[in-house]
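Visitor: Please see the structure below; I have some questions.
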Amino acid sequence: MKYFFTGGIVVILIFVSLIIYQDRRTSISSLPYDDEQNGLEDQIIIHFSHVVAENTPKGLAATKFAELVHEKTNGKVIIRVYPNGILYNDYNEFEALKNNDIQMIAPTFSKVTSYLPSWQVLDLPFIIESEDELKQVLSGPLQDQLLAQLGKQDIKGLKFWSNGFKQIASNDYPILEVEDFQNLPIRVMNSELLKEQFARLGATPIATSFGEVYNEIENKKIKAQDNTISNLYSKGFHTYEKHITLSNHGIMGYAVMMNESFWNGLDKDIQQQIVEALNEMSDWQFEQSILLNEKSLNELRTIDAVSIYTLTDEQKKAWKEKLSSIYSNSNRIIDDSYYKLLMEQLKISNGTK
Ligand code: LMR
């Protein structure tokens, strides 16, 4: 009886395996030929990670760049964009790029400064004062020279993108007079010069990664931050930081970069198509940055709980006076040739405006 029972189970198992085998054979052989799969083995995938939302100047630019490259290379190069820090954050994206775990990132200039201190030239306050000046600086020789420096880090620097001007958002009261900064825990990006600026104004600067800012506001570890309107609005920081001072005290922009060995491994025509895509979208990128920051500001103006302030000339003068010695001291950390180049591009002769 026992042998009969075991034998029966063995027969059933063989029978079921035969059915599964037959079924797999039929489904594989009946797969239609998919001509879109043709050449898949030749496709080049570029993983592009960044930390902000998709509806920001950088988010939009990354998507547009992916589309352009796809078009120009007839689908041979696919750029996969990962926004919102879903893959890497400010602190680990650089290493991930160098390890070729991802092939592209576009950090703010301020975040490159821990690797290349001279990039702090773009963190100097109140030097670039209009969108025209910003475009001129970010698309001129200073861009080329700073991007070339990335070679020391085995990184291929490709292009600068803009996110316009930074403002101050605060929780408890508006920041207008220099005295309002006194002991204010303010979040800044990780740049010595940014920390020094806010320390000079009397605040307590705290450098954190973008992905941690919301928690730090909630936990009251920080009570203010300097950021662009599009970054403030797209992340909903204004739900806590309801006072926004339009100060335009500094600029924010991005360095689009690629892992250098990966870049060197691309065919020359693909490299050229990537460069062409970035050049072609450059004017569009500057326009989008202005438009998105304006649009986000208009949205913020419709929110009753949010108050927007503009610095008066007197208030701005007082901030500038407090910061004035930062320019002459900056040669401690910024190679003078970059500072001079910035001054030349802005046609500033005596180092101040
Ligand atoms: C920030 O950390 O505030 C910004 O750098 C985020 C970004 O990439 O725009």
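Residues in the structure tokens are numbered from 1 in each chain, the chains being A, B, ... in the order shown, and ligands are numbered from 1 in the order shown.
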Residues within 9 Å of ligand 1, counting only C-alpha atoms and all ligand atoms: report them as a PyMOL selection string.

Guide: chain A and resi 50-53+56-59+90+106-111+163+187-190+208-211+213+225-228+230-232+252-254

Visitor: Do you know which residues are at most 7 Å from region 131-148 of chain A counting only C-alpha atoms, after dropping those on the same chain fewer than 2 positions away, and could you put them as a list of chain:residue names?

Guide: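 Those residues are A:Trp119, A:Ile128, A:Glu129, A:Leu150, A:Gly151, A:Gly157, A:Leu158, A:Phe160, A:Tyr338, A:Leu341, A:Leu342, A:Gln345, A:Leu346.
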
Visitor: Tell me, as a count of residues only, which residues lie within 10 Å of Pro117 (chain A), counting only C-alpha atoms; anything in the same chain fewer than 6 positions away does not count.

Guide: 9

Visitor: When you count only C-alpha atoms, which of these residues is closest to Asn331 (chain A): A:Ser118, A:Tyr91, A:Leu68, A:Leu97?

Guide: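 Nearest candidate to Asn331 (chain A) out of A:Ser118, A:Tyr91, A:Leu68, A:Leu97: A:Ser118.
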
Visitor: With only C-alpha atoms as the basis for distance, which of A:Phe262, A:Tyr339, A:Trp161, A:Phe181 is at the shortest distance from Ile45 (chain A)?

Guide: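 Of the candidates, the smallest distance to Ile45 (chain A) is held by A:Phe262.
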
Visitor: Write out as a PyMOL selection string which residues come within 12 Å of region 239-245 of chain A when counting only C-alpha atoms, dropping same-chain ones fewer than 5 positions away.

Guide: chain A and resi 165-177+180+186-187+213-220+222-229+232-234+297+300-301+303-312+315-316

Visitor: Quick one: pick out all helix (DSSP H, G or I) residues within region 52-243 of chain A from a backbone DSSP run and write them as a ChimeraX atom specification.

Guide: /A:57-72,93-98,109-112,117-123,131-138,141-153,178-181,192-200,210-218,229-234,237-239

Visitor: Do a neighbour search on Lys72 (chain A) at 9 Å with only C-alpha atoms, toss out local chain neighbours closer than 6 positions, and write the hits as a list of chain:residue names.

Guide: A:Ile270, A:Gln273, A:Ile274, A:Glu276, A:Ala277

Visitor: Calculate how many Å separate CA of Asn279 (chain A) from CA of Met257 (chain A), rounding to one decimal.

Guide: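 Interatomic distance here is 14.0 Å.
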